[in-house]
file query_0.cif (mmCIF, C-alpha atoms (C1' of nucleotides))
data_run
loop_
_atom_site.label_atom_id
_atom_site.label_comp_id
_atom_site.auth_asym_id
_atom_site.auth_seq_id
_atom_site.Cartn_x
_atom_site.Cartn_y
_atom_site.Cartn_z
CA MET A 1 19.13 0.90 -39.69
CA THR A 2 16.31 -0.67 -37.73
CA THR A 3 15.77 -4.34 -38.38
CA ARG A 4 12.53 -6.22 -37.96
CA ALA A 5 14.02 -7.84 -34.84
CA ASP A 6 14.73 -4.45 -33.29
CA GLN A 7 11.21 -3.33 -33.97
CA ILE A 8 9.61 -6.37 -32.34
CA LYS A 9 11.92 -6.13 -29.36
CA LYS A 10 11.10 -2.48 -28.91
CA GLU A 11 7.38 -3.16 -28.82
CA PHE A 12 7.87 -6.00 -26.36
CA ILE A 13 9.96 -3.82 -24.09
CA GLU A 14 7.32 -1.12 -24.21
CA GLY A 15 4.78 -3.75 -23.16
CA LEU A 16 6.91 -4.83 -20.20
CA SER A 17 7.28 -1.20 -19.24
CA GLN A 18 3.50 -0.82 -19.01
CA MET A 19 3.31 -4.07 -17.12
CA GLY A 20 5.84 -2.81 -14.61
CA ARG A 21 3.72 0.26 -13.99
CA PHE A 22 0.73 -1.98 -13.42
CA TRP A 23 2.63 -3.85 -10.70
CA GLY A 24 3.50 -0.51 -9.16
CA TYR A 25 7.03 -0.04 -10.42
CA PRO A 26 8.49 2.83 -12.47
CA GLY A 27 8.38 2.34 -16.22
CA GLY A 28 12.16 2.25 -16.44
CA VAL A 29 12.29 -0.87 -14.29
CA GLY A 30 10.16 -2.78 -16.76
CA ALA A 31 12.14 -1.45 -19.69
CA VAL A 32 15.52 -2.44 -18.25
CA PHE A 33 14.22 -5.90 -17.45
CA GLY A 34 12.86 -6.19 -20.98
CA VAL A 35 16.23 -5.34 -22.47
CA LEU A 36 17.99 -7.91 -20.31
CA TYR A 37 15.34 -10.53 -20.91
CA LEU A 38 15.77 -10.33 -24.66
CA ALA A 39 19.55 -10.39 -24.54
CA PRO A 40 21.30 -13.73 -25.06
CA ALA A 41 24.15 -12.75 -22.73
CA ALA A 42 24.79 -10.57 -19.70
CA LEU A 43 24.99 -6.83 -20.43
CA SER A 44 27.09 -4.10 -18.92
CA LEU A 45 25.63 -0.91 -17.53
CA ASP A 46 26.70 1.05 -20.59
CA GLU A 47 25.07 -1.44 -22.91
CA LEU A 48 21.90 -1.11 -20.87
CA VAL A 49 22.13 2.67 -21.23
CA GLN A 50 22.40 2.35 -25.01
CA ARG A 51 19.62 -0.17 -25.45
CA SER A 52 17.15 1.25 -22.95
CA GLY A 53 17.58 4.90 -23.89
CA LEU A 54 17.82 5.87 -20.21
CA THR A 55 20.79 7.58 -18.60
CA LYS A 56 23.40 5.92 -16.43
CA GLY A 57 21.83 7.18 -13.23
CA ALA A 58 18.40 5.81 -14.02
CA VAL A 59 19.73 2.47 -15.22
CA SER A 60 21.88 2.17 -12.11
CA THR A 61 18.87 2.74 -9.87
CA ASN A 62 16.49 0.54 -11.82
CA VAL A 63 18.86 -2.37 -12.21
CA ARG A 64 19.57 -2.31 -8.51
CA ALA A 65 15.83 -2.46 -7.78
CA LEU A 66 15.55 -5.44 -10.12
CA ALA A 67 18.45 -7.19 -8.43
CA ARG A 68 16.85 -6.66 -5.01
CA MET A 69 13.69 -8.26 -6.37
CA GLY A 70 15.65 -11.20 -7.70
CA LEU A 71 14.58 -10.52 -11.29
CA VAL A 72 18.12 -9.77 -12.33
CA ARG A 73 21.43 -11.40 -11.46
CA HIS A 74 24.64 -9.55 -11.01
CA THR A 75 27.57 -11.30 -12.67
CA ALA A 76 31.22 -10.55 -13.33
CA ARG A 77 33.83 -11.37 -15.95
CA LEU A 78 37.43 -12.17 -15.20
CA GLY A 79 39.78 -9.34 -15.98
CA ASP A 80 36.91 -6.92 -16.50
CA ARG A 81 35.80 -4.70 -13.71
CA LYS A 82 32.53 -3.78 -15.37
CA ASP A 83 29.36 -5.07 -13.76
CA TYR A 84 27.31 -7.40 -15.90
CA TYR A 85 23.65 -8.14 -15.47
CA GLU A 86 21.40 -10.87 -16.77
CA ALA A 87 17.70 -11.57 -16.41
CA GLU A 88 16.40 -14.30 -14.17
CA THR A 89 14.39 -16.61 -16.42
CA ASP A 90 12.89 -18.76 -13.68
CA PHE A 91 9.87 -16.63 -12.83
CA TYR A 92 8.69 -19.00 -10.15
CA LYS A 93 11.92 -18.35 -8.36
CA ALA A 94 11.62 -14.63 -8.96
CA ILE A 95 8.07 -14.32 -7.71
CA ARG A 96 9.03 -15.80 -4.37
CA SER A 97 11.87 -13.37 -4.08
CA ILE A 98 9.60 -10.46 -4.94
CA MET A 99 7.07 -11.53 -2.36
CA GLY A 100 9.77 -11.69 0.25
CA GLU A 101 10.95 -8.21 -0.69
CA ARG A 102 7.55 -6.54 -0.67
CA GLN A 103 6.53 -8.47 2.42
CA SER A 104 9.16 -7.01 4.63
CA ARG A 105 8.85 -3.46 3.38
CA ASP A 106 5.39 -1.95 3.57
CA PHE A 107 3.01 -4.85 3.97
CA ASP A 108 4.39 -6.00 7.30
CA GLN A 109 4.20 -2.43 8.50
CA ALA A 110 0.55 -2.28 7.53
CA ILE A 111 -0.27 -5.57 9.24
CA ARG A 112 1.49 -4.38 12.35
CA SER A 113 -0.66 -1.27 12.37
CA VAL A 114 -3.82 -3.39 12.39
CA ARG A 115 -2.53 -5.54 15.22
CA GLU A 116 -1.62 -2.44 17.23
CA THR A 117 -5.11 -1.07 16.82
CA LEU A 118 -6.54 -4.32 18.10
CA ASP A 119 -4.26 -4.28 21.12
CA LYS A 120 -5.15 -0.70 21.93
CA LEU A 121 -8.85 -1.45 21.69
CA LYS A 122 -8.49 -4.42 24.00
CA ALA A 123 -6.61 -2.29 26.49
CA ALA A 124 -9.17 0.51 26.31
CA ARG A 125 -11.83 -1.07 28.52
CA GLY A 126 -13.30 1.70 30.60
CA SER A 127 -11.93 4.57 28.56
CA MET A 128 -14.67 4.33 25.95
CA GLU A 129 -18.22 3.17 25.56
CA GLU A 130 -18.32 -0.61 25.90
CA THR A 131 -20.81 -1.27 23.06
CA GLU A 132 -18.68 0.66 20.61
CA ARG A 133 -15.51 -0.99 21.84
CA ARG A 134 -17.00 -4.45 21.28
CA PHE A 135 -18.08 -3.46 17.78
CA LEU A 136 -14.69 -2.06 16.85
CA ILE A 137 -12.84 -5.10 18.20
CA GLU A 138 -15.07 -7.38 16.15
CA ARG A 139 -14.46 -5.41 12.95
CA VAL A 140 -10.72 -5.06 13.33
CA GLN A 141 -10.42 -8.72 14.29
CA VAL A 142 -12.06 -9.78 11.02
CA LEU A 143 -9.56 -7.70 9.08
CA GLN A 144 -6.66 -9.13 10.98
CA ASP A 145 -7.81 -12.71 10.41
CA PHE A 146 -7.94 -11.96 6.73
CA PHE A 147 -4.44 -10.53 6.69
CA ASP A 148 -3.14 -13.46 8.68
CA ALA A 149 -4.55 -15.80 6.05
CA ILE A 150 -2.91 -13.86 3.21
CA ASP A 151 0.26 -13.73 5.21
CA SER A 152 0.46 -17.46 5.83
CA LEU A 153 -0.29 -18.11 2.18
CA SER A 154 2.52 -15.91 0.94
CA ARG A 155 4.92 -17.23 3.55
CA ALA A 156 4.13 -20.76 2.44
CA VAL A 157 4.80 -19.84 -1.16
CA ALA A 158 8.03 -18.09 -0.24
CA ARG A 159 9.17 -21.14 1.72
CA LEU A 160 8.88 -23.52 -1.24
CA ASP A 161 12.06 -24.48 -3.01
CA SER A 162 10.21 -24.85 -6.26
CA LEU A 163 6.87 -23.58 -7.46
CA GLY A 164 6.24 -25.12 -10.84
CA MET A 165 3.28 -26.00 -12.97
CA PRO A 166 2.60 -29.27 -11.08
CA THR A 167 2.03 -27.33 -7.85
CA ILE A 168 -0.19 -24.84 -9.62
CA GLN A 169 -2.15 -27.68 -11.20
CA ASN A 170 -2.76 -29.11 -7.74
CA ILE A 171 -4.00 -25.80 -6.43
CA LEU A 172 -6.28 -25.46 -9.43
CA LYS A 173 -7.77 -28.88 -8.65
CA ILE A 174 -8.72 -27.74 -5.15
CA LEU A 175 -10.31 -24.59 -6.47
CA HIS A 176 -12.02 -26.96 -8.94
CA MET B 1 -13.39 16.96 22.40
CA THR B 2 -11.48 13.97 21.12
CA THR B 3 -12.27 10.71 22.83
CA ARG B 4 -9.97 7.73 23.15
CA ALA B 5 -12.15 5.95 20.58
CA ASP B 6 -11.68 8.76 18.07
CA GLN B 7 -7.95 8.65 18.57
CA ILE B 8 -7.67 4.91 18.00
CA LYS B 9 -9.93 5.11 14.95
CA LYS B 10 -7.86 7.90 13.49
CA GLU B 11 -4.66 5.90 13.80
CA PHE B 12 -6.30 2.84 12.26
CA ILE B 13 -7.58 4.90 9.35
CA GLU B 14 -4.13 6.35 8.81
CA GLY B 15 -2.81 2.79 8.69
CA LEU B 16 -5.36 1.75 6.08
CA SER B 17 -4.44 4.82 4.08
CA GLN B 18 -0.80 3.71 3.94
CA MET B 19 -1.92 0.21 3.10
CA GLY B 20 -3.97 1.53 0.21
CA ARG B 21 -0.93 3.29 -1.17
CA PHE B 22 1.00 0.04 -0.92
CA TRP B 23 -1.60 -1.70 -3.06
CA GLY B 24 -1.31 1.14 -5.55
CA TYR B 25 -4.35 3.21 -4.67
CA PRO B 26 -4.53 6.85 -3.59
CA GLY B 27 -4.35 7.48 0.12
CA GLY B 28 -7.87 8.86 0.17
CA VAL B 29 -9.27 5.53 -0.99
CA GLY B 30 -7.85 3.78 2.05
CA ALA B 31 -9.03 6.53 4.36
CA VAL B 32 -12.60 6.48 3.09
CA PHE B 33 -12.72 2.72 3.40
CA GLY B 34 -11.35 2.96 6.92
CA VAL B 35 -14.08 5.40 7.94
CA LEU B 36 -16.79 3.15 6.53
CA TYR B 37 -15.25 0.02 7.99
CA LEU B 38 -15.33 1.44 11.51
CA ALA B 39 -18.88 2.75 11.19
CA PRO B 40 -21.71 0.58 12.56
CA ALA B 41 -24.14 1.83 9.92
CA ALA B 42 -24.12 3.12 6.36
CA LEU B 43 -22.90 6.70 5.95
CA SER B 44 -23.94 9.47 3.60
CA LEU B 45 -21.49 11.34 1.43
CA ASP B 46 -21.58 14.36 3.73
CA GLU B 47 -20.86 12.22 6.75
CA LEU B 48 -17.90 10.76 4.87
CA VAL B 49 -16.70 14.28 4.12
CA GLN B 50 -16.84 15.20 7.81
CA ARG B 51 -15.17 12.06 9.10
CA SER B 52 -12.50 11.68 6.43
CA GLY B 53 -11.49 15.32 6.26
CA LEU B 54 -11.56 15.22 2.46
CA THR B 55 -13.79 17.36 0.28
CA LYS B 56 -16.96 16.23 -1.45
CA GLY B 57 -15.22 15.86 -4.80
CA ALA B 58 -12.51 13.61 -3.49
CA VAL B 59 -14.89 11.49 -1.46
CA SER B 60 -17.19 11.13 -4.45
CA THR B 61 -14.33 9.88 -6.60
CA ASN B 62 -12.81 7.61 -3.98
CA VAL B 63 -16.06 6.04 -2.89
CA ARG B 64 -16.90 5.28 -6.49
CA ALA B 65 -13.55 3.55 -6.94
CA LEU B 66 -14.24 1.49 -3.83
CA ALA B 67 -17.67 0.53 -5.08
CA ARG B 68 -16.20 -0.57 -8.41
CA MET B 69 -13.77 -2.76 -6.50
CA GLY B 70 -16.60 -4.25 -4.47
CA LEU B 71 -15.12 -3.02 -1.18
CA VAL B 72 -18.09 -0.75 -0.56
CA ARG B 73 -21.78 -1.23 -1.09
CA HIS B 74 -24.11 1.47 -2.25
CA THR B 75 -27.37 1.46 -0.32
CA ALA B 76 -30.45 3.65 -0.12
CA ARG B 77 -33.02 4.65 2.47
CA LEU B 78 -36.69 5.04 1.77
CA GLY B 79 -37.79 8.61 1.51
CA ASP B 80 -34.23 9.86 1.51
CA ARG B 81 -32.52 10.63 -1.72
CA LYS B 82 -29.06 10.74 -0.19
CA ASP B 83 -26.66 7.97 -1.18
CA TYR B 84 -25.51 5.76 1.66
CA TYR B 85 -22.40 3.62 1.66
CA GLU B 86 -21.27 0.75 3.82
CA ALA B 87 -18.10 -1.31 3.89
CA GLU B 88 -18.02 -4.85 2.60
CA THR B 89 -16.87 -6.99 5.52
CA ASP B 90 -16.43 -10.23 3.60
CA PHE B 91 -12.92 -9.72 2.32
CA TYR B 92 -12.85 -13.01 0.49
CA LYS B 93 -15.73 -11.75 -1.57
CA ALA B 94 -14.03 -8.40 -2.06
CA ILE B 95 -10.71 -9.81 -3.16
CA ARG B 96 -12.35 -11.74 -5.96
CA SER B 97 -14.09 -8.61 -7.11
CA ILE B 98 -10.85 -6.64 -7.02
CA MET B 99 -9.07 -9.30 -9.03
CA GLY B 100 -11.79 -9.17 -11.63
CA GLU B 101 -11.51 -5.42 -11.82
CA ARG B 102 -7.73 -5.25 -12.14
CA GLN B 103 -7.68 -8.26 -14.42
CA SER B 104 -9.69 -6.72 -17.15
CA ARG B 105 -8.02 -3.34 -17.04
CA ASP B 106 -4.29 -3.39 -17.41
CA PHE B 107 -3.18 -6.94 -16.80
CA ASP B 108 -5.07 -8.43 -19.73
CA GLN B 109 -3.63 -5.71 -21.92
CA ALA B 110 -0.13 -6.65 -20.81
CA ILE B 111 -0.68 -10.34 -21.42
CA ARG B 112 -2.04 -9.57 -24.85
CA SER B 113 1.11 -7.62 -25.64
CA VAL B 114 3.26 -10.64 -24.84
CA ARG B 115 1.13 -12.91 -26.99
CA GLU B 116 1.32 -10.43 -29.87
CA THR B 117 5.09 -10.38 -29.65
CA LEU B 118 5.16 -14.13 -29.84
CA ASP B 119 2.88 -14.16 -32.89
CA LYS B 120 5.00 -11.56 -34.65
CA LEU B 121 8.16 -13.52 -33.95
CA LYS B 122 6.64 -16.69 -35.31
CA ALA B 123 5.55 -14.84 -38.44
CA ALA B 124 8.96 -13.26 -38.93
CA ARG B 125 10.75 -16.26 -40.39
CA GLY B 126 13.01 -14.97 -43.08
CA SER B 127 12.90 -11.33 -42.07
CA MET B 128 15.48 -11.79 -39.33
CA GLU B 129 18.38 -14.00 -38.41
CA GLU B 130 17.07 -17.46 -37.61
CA THR B 131 19.28 -18.11 -34.56
CA GLU B 132 18.13 -14.92 -32.91
CA ARG B 133 14.51 -15.60 -33.83
CA ARG B 134 14.65 -19.02 -32.16
CA PHE B 135 16.19 -17.52 -29.05
CA LEU B 136 13.61 -14.75 -28.78
CA ILE B 137 10.71 -17.16 -29.31
CA GLU B 138 12.04 -19.38 -26.55
CA ARG B 139 12.34 -16.49 -24.08
CA VAL B 140 8.98 -14.93 -24.81
CA GLN B 141 7.32 -18.34 -24.68
CA VAL B 142 8.62 -18.91 -21.14
CA LEU B 143 7.17 -15.60 -20.06
CA GLN B 144 3.84 -16.34 -21.64
CA ASP B 145 3.62 -19.75 -19.98
CA PHE B 146 4.20 -18.06 -16.67
CA PHE B 147 1.50 -15.49 -17.27
CA ASP B 148 -0.90 -18.17 -18.41
CA ALA B 149 -0.33 -19.97 -15.12
CA ILE B 150 -0.96 -16.83 -13.08
CA ASP B 151 -3.96 -16.10 -15.22
CA SER B 152 -5.59 -19.48 -14.74
CA LEU B 153 -4.94 -19.27 -11.01
CA SER B 154 -6.62 -15.92 -10.65
CA ARG B 155 -9.49 -16.91 -12.90
CA ALA B 156 -10.05 -19.98 -10.77
CA VAL B 157 -10.11 -17.87 -7.63
CA ALA B 158 -12.48 -15.38 -9.21
CA ARG B 159 -14.79 -18.21 -10.25
CA LEU B 160 -15.25 -19.55 -6.73
CA ASP B 161 -18.44 -18.66 -4.94
CA SER B 162 -16.68 -18.73 -1.62
CA LEU B 163 -13.05 -18.52 -0.67
CA GLY B 164 -12.84 -19.10 3.04
CA MET B 165 -10.31 -20.35 5.50
CA PRO B 166 -11.01 -24.03 4.70
CA THR B 167 -9.96 -23.49 1.09
CA ILE B 168 -6.88 -21.61 2.16
CA GLN B 169 -6.04 -24.39 4.62
CA ASN B 170 -6.21 -26.89 1.79
CA ILE B 171 -3.92 -24.82 -0.36
CA LEU B 172 -1.49 -24.51 2.52
CA LYS B 173 -1.45 -28.30 2.88
CA ILE B 174 -0.39 -28.69 -0.75
CA LEU B 175 2.37 -26.15 -0.33
CA HIS B 176 3.20 -28.15 2.80
"C1'" DT C 1 -41.11 27.73 -12.27
"C1'" DA C 2 -37.98 29.08 -8.55
"C1'" DT C 3 -35.46 27.09 -4.86
"C1'" DT C 4 -33.12 23.71 -2.37
"C1'" DT C 5 -30.57 19.50 -1.92
"C1'" DC C 6 -27.34 16.38 -3.32
"C1'" DG C 7 -23.76 14.30 -6.27
"C1'" DT C 8 -20.46 14.87 -10.19
"C1'" DT C 9 -17.28 17.21 -12.97
"C1'" DT C 10 -13.73 20.51 -13.88
"C1'" DA C 11 -9.92 23.90 -13.37
"C1'" DG C 12 -6.21 24.74 -10.87
"C1'" DA C 13 -2.85 23.97 -6.91
"C1'" DA C 14 0.01 21.07 -4.30
"C1'" DT C 15 2.55 17.08 -4.09
"C1'" DA C 16 5.03 13.02 -5.31
"C1'" DT C 17 7.70 10.54 -8.63
"C1'" DA C 18 11.07 9.34 -11.99
"C1'" DC C 19 13.98 11.05 -14.99
"C1'" DT C 20 18.44 13.83 -16.77
"C1'" DA C 21 22.78 15.91 -16.23
"C1'" DA C 22 26.54 16.50 -13.70
"C1'" DA C 23 29.31 16.03 -9.65
"C1'" DC C 24 31.30 12.62 -6.99
"C1'" DA C 25 33.63 8.33 -5.10
"C1'" DT C 26 36.31 4.37 -5.93
"C1'" DA C 27 39.37 1.49 -7.86
"C1'" DC C 28 42.26 0.26 -11.59
"C1'" DT C 29 46.27 1.50 -15.11
"C1'" DG C 30 50.14 3.62 -16.96
"C1'" DC D 1 50.77 9.68 -8.47
"C1'" DA D 2 48.15 11.39 -12.41
"C1'" DG D 3 44.78 9.85 -15.35
"C1'" DT D 4 41.01 6.87 -16.76
"C1'" DA D 5 37.17 3.85 -16.34
"C1'" DT D 6 33.14 2.65 -13.83
"C1'" DG D 7 29.14 3.01 -10.92
"C1'" DT D 8 26.50 5.91 -7.40
"C1'" DT D 9 24.54 9.97 -5.54
"C1'" DT D 10 22.57 14.46 -5.85
"C1'" DA D 11 20.29 18.71 -7.50
"C1'" DG D 12 17.09 20.14 -10.43
"C1'" DT D 13 13.33 19.39 -13.86
"C1'" DA D 14 9.44 17.46 -16.09
"C1'" DT D 15 5.47 14.89 -15.55
"C1'" DA D 16 1.67 12.63 -13.48
"C1'" DT D 17 -1.34 12.20 -9.62
"C1'" DT D 18 -4.58 13.60 -6.25
"C1'" DC D 19 -6.41 16.83 -3.84
"C1'" DT D 20 -9.40 21.48 -3.10
"C1'" DA D 21 -12.70 24.80 -4.43
"C1'" DA D 22 -16.16 25.97 -7.14
"C1'" DA D 23 -19.14 25.48 -11.04
"C1'" DC D 24 -22.44 22.57 -12.78
"C1'" DG D 25 -26.43 19.31 -13.39
"C1'" DA D 26 -30.24 16.75 -12.00
"C1'" DA D 27 -33.96 15.77 -9.18
"C1'" DA D 28 -37.25 16.86 -5.60
"C1'" DT D 29 -40.10 20.27 -3.36
"C1'" DA D 30 -42.51 24.45 -2.61
#
call {"tool": "encode", "arguments": {"input": "query_0.cif", "output": "structure tokens"}}
result
Amino acid sequence: MTTRADQIKKEFIEGLSQMGRFWGYPGGVGAVFGVLYLAPAALSLDELVQRSGLTKGAVSTNVRALARMGLVRHTARLGDRKDYYEAETDFYKAIRSIMGERQSRDFDQAIRSVRETLDKLKAARGSMEETERRFLIERVQVLQDFFDAIDSLSRAVARLDSLGMPTIQNILKILH
Amino acid sequence: MTTRADQIKKEFIEGLSQMGRFWGYPGGVGAVFGVLYLAPAALSLDELVQRSGLTKGAVSTNVRALARMGLVRHTARLGDRKDYYEAETDFYKAIRSIMGERQSRDFDQAIRSVRETLDKLKAARGSMEETERRFLIERVQVLQDFFDAIDSLSRAVARLDSLGMPTIQNILKILH
DNA sequence: TATTTCGTTTAGAATATACTAAACATACTG
DNA sequence: CAGTATGTTTAGTATATTCTAAACGAAATA
């Protein structure tokens, strides 16, 4: 039998699944988080399998991704060697963790690539037409400045020990 | 013959391509933008085909996506019915445009889904166990508050007519 | 009106991704 | 030590995405 509660939960979880895809994560990640977020207590892997409809393998992978992002906590129970998982409900904490995670992975790599290009261009005096070289340096420099700004912003956010509504309100004031 | 300049450009473009994928866009989008960004003048579609190595169809699609995002401007030349494209170099302008674009599409949809869940839960008094209903409302409310905060932040940014380093510096000060 | 030029759209191929099912590894339990 | 419970890894599959190649359409020109 499907209760009204089950129905509402299911729709919500489907919504989170879409949302996950929007942020660039597999649908299963959003679904697993949804299940955990609507559970009043930590769940075991098998419970996640049941409630998410995915297989053990997929849940294992997805839940690990969520833990790496800091959206899910890994807990244990005495005298029970199952792993239990529960959702992080402090999203301000989670978002910092996510930023840290993404930061290191691909974004840093991309920024590095821009910096390398700039270095190469600066070192290329003589081996290419000077007018073009000046133009390219100018362009790439603008991009790097932009990335540096984004970078310092996200680092600042990640460094905070709390990012709550008061802080956001202050930022909003500046942006008037 | 491949000059040193060509080589450096090619590597830079490859970097932007990766970066594009990181932000969730096809590699071709990044590549096309890279070509335009390193060109001192607007380019026609055929020139983009040559320099990006993609076919007309792909370039047509990708360049249109970039224009929608505001990362590329569509220009014309008198007495020439070709389309010409040039890169937007004001990234602060571009980022606002991108936020507007993404906003409307999927993110709004996701937020709406959360709000709907909350409404349904509030309307479900009697049709489910009251303790559970209270718990679910609490959880979903926290998520919605968070999204509302993000939403007002991004709307504020999108509303600005300029988002330059001074603004960012101010924000950084708050985040100390 | 026929021809050329240019951009878009479509059909299909190649690729990447995320899942399932099952084998596997590890650590408890009897 | 055999057997069981638990989570991870892998091989294969299904699906979605993004490209190419080519057909198409629209507009300018002869």
call {"tool": "resolve_selection", "arguments": {"input": "query_0.cif", "expression": "the PyMOL selection byres ((chain C) within 8 of (chain A))", "output": "compact mmCIF listing (two decimals) with C-alpha atoms (C1' of nucleotides), keeping the file's coordinate frame"}}
result
# COMPACT_ATOMS: atom_id res chain seq x y z
C1' DA C 18 11.07 9.34 -11.99
C1' DC C 19 13.98 11.05 -14.99
C1' DT C 20 18.44 13.83 -16.77
call {"tool": "interface_residues", "arguments": {"input": "query_0.cif", "of": "chain A", "to": "chain B", "cutoff": "6 Å", "atoms": "only C-alpha atoms", "output": "JSON, numbers by chain"}}
result
{"A": [15, 19, 110, 113]}
call {"tool": "residues_near_point", "arguments": {"input": "query_0.cif", "point": "(25.5, 9.5, -5.8)", "cutoff": "10 Å", "atoms": "only C-alpha atoms (C1' of nucleotides)", "output": "JSON, numbers by chain"}}
result
{"A": [57], "C": [23, 24, 25], "D": [7, 8, 9, 10]}
call {"tool": "resolve_selection", "arguments": {"input": "query_0.cif", "expression": "the PyMOL selection byres ((chain C and resi 15) around 9)", "output": "JSON, numbers by chain"}}
result
{"C": [14, 16], "D": [17, 18, 19]}
call {"tool": "atom_distance", "arguments": {"input": "query_0.cif", "atom1": "atom CA of A:Ala94", "atom2": "atom CA of A:Leu45"}}
result
21.4 Å
call {"tool": "atom_distance", "arguments": {"input": "query_0.cif", "atom1": "atom CA of A:Ser44", "atom2": "atom CA of A:Asp83"}}
result
5.7 Å
call {"tool": "atom_distance", "arguments": {"input": "query_0.cif", "atom1": "atom CA of B:Glu88", "atom2": "atom CA of B:Gly70"}}
result
7.2 Å
call {"tool": "closest_residue", "arguments": {"input": "query_0.cif", "among": "A:Ala42, A:Val63, A:Ile98, A:Ala31", "to": "chain D", "atoms": "all atoms listed in the file"}}
result
A:Val63
call {"tool": "closest_residue", "arguments": {"input": "query_0.cif", "among": "D:DC24, D:DA14, D:DA30, D:DA5", "to": "chain A", "atoms": "all atoms listed in the file"}}
result
D:DA5
call {"tool": "resolve_selection", "arguments": {"input": "query_0.cif", "expression": "the PyMOL selection byres ((chain C and resi 28) around 12)", "output": "MDAnalysis selection string"}}
result
(chainID A and resid 79:82) or (chainID C and resid 26:27 29:30) or (chainID D and resid 3:6)
call {"tool": "write_last_selection", "arguments": {"input": "query_0.cif", "atoms": "C-alpha atoms (C1' of nucleotides)", "output": "short mmCIF file (atom, residue, chain, number, x, y, z; two decimals), keeping the file's coordinate frame"}}
result
data_model
loop_
_atom_site.label_atom_id
_atom_site.label_comp_id
_atom_site.auth_asym_id
_atom_site.auth_seq_id
_atom_site.Cartn_x
_atom_site.Cartn_y
_atom_site.Cartn_z
CA GLY A 79 39.78 -9.34 -15.98
CA ASP A 80 36.91 -6.92 -16.50
CA ARG A 81 35.80 -4.70 -13.71
CA LYS A 82 32.53 -3.78 -15.37
"C1'" DT C 26 36.31 4.37 -5.93
"C1'" DA C 27 39.37 1.49 -7.86
"C1'" DT C 29 46.27 1.50 -15.11
"C1'" DG C 30 50.14 3.62 -16.96
"C1'" DG D 3 44.78 9.85 -15.35
"C1'" DT D 4 41.01 6.87 -16.76
"C1'" DA D 5 37.17 3.85 -16.34
"C1'" DT D 6 33.14 2.65 -13.83
#
call {"tool": "residues_around", "arguments": {"input": "query_0.cif", "residues": "B:Leu36", "least_positions_apart": "6", "cutoff": "8 Å", "atoms": "only C-alpha atoms (C1' of nucleotides)", "output": "ChimeraX atom specification"}}
result
/B:42-43,48,85-87
call {"tool": "closest_residue", "arguments": {"input": "query_0.cif", "among": "A:Thr75, A:Thr61, A:Ser52, A:Ser97", "to": "A:Gly34", "atoms": "only C-alpha atoms"}}
result
A:Ser52
call {"tool": "axis_aligned_box", "arguments": {"input": "query_0.cif", "around": "stretch 21-28 of chain A", "padding_each_side": "8 Å", "output": "AutoDock Vina command-line options"}}
result
--center_x 6.4 --center_y -0.5 --center_z -12.8 --size_x 27.4 --size_y 22.7 --size_z 23.3
call {"tool": "residues_around", "arguments": {"input": "query_0.cif", "residues": "C:DT4", "least_positions_apart": "4", "cutoff": "12 Å", "atoms": "only C-alpha atoms (C1' of nucleotides)", "output": "list of chain:residue names"}}
result
D:DA27, D:DA28, D:DT29, D:DA30
call {"tool": "write_last_selection", "arguments": {"input": "query_0.cif", "atoms": "C-alpha atoms (C1' of nucleotides)", "output": "CSV table (one decimal), keeping the file's coordinate frame"}}
result
chain,number,residue,atom,x,y,z
D,27,DA,C1',-34.0,15.8,-9.2
D,28,DA,C1',-37.2,16.9,-5.6
D,29,DT,C1',-40.1,20.3,-3.4
D,30,DA,C1',-42.5,24.4,-2.6
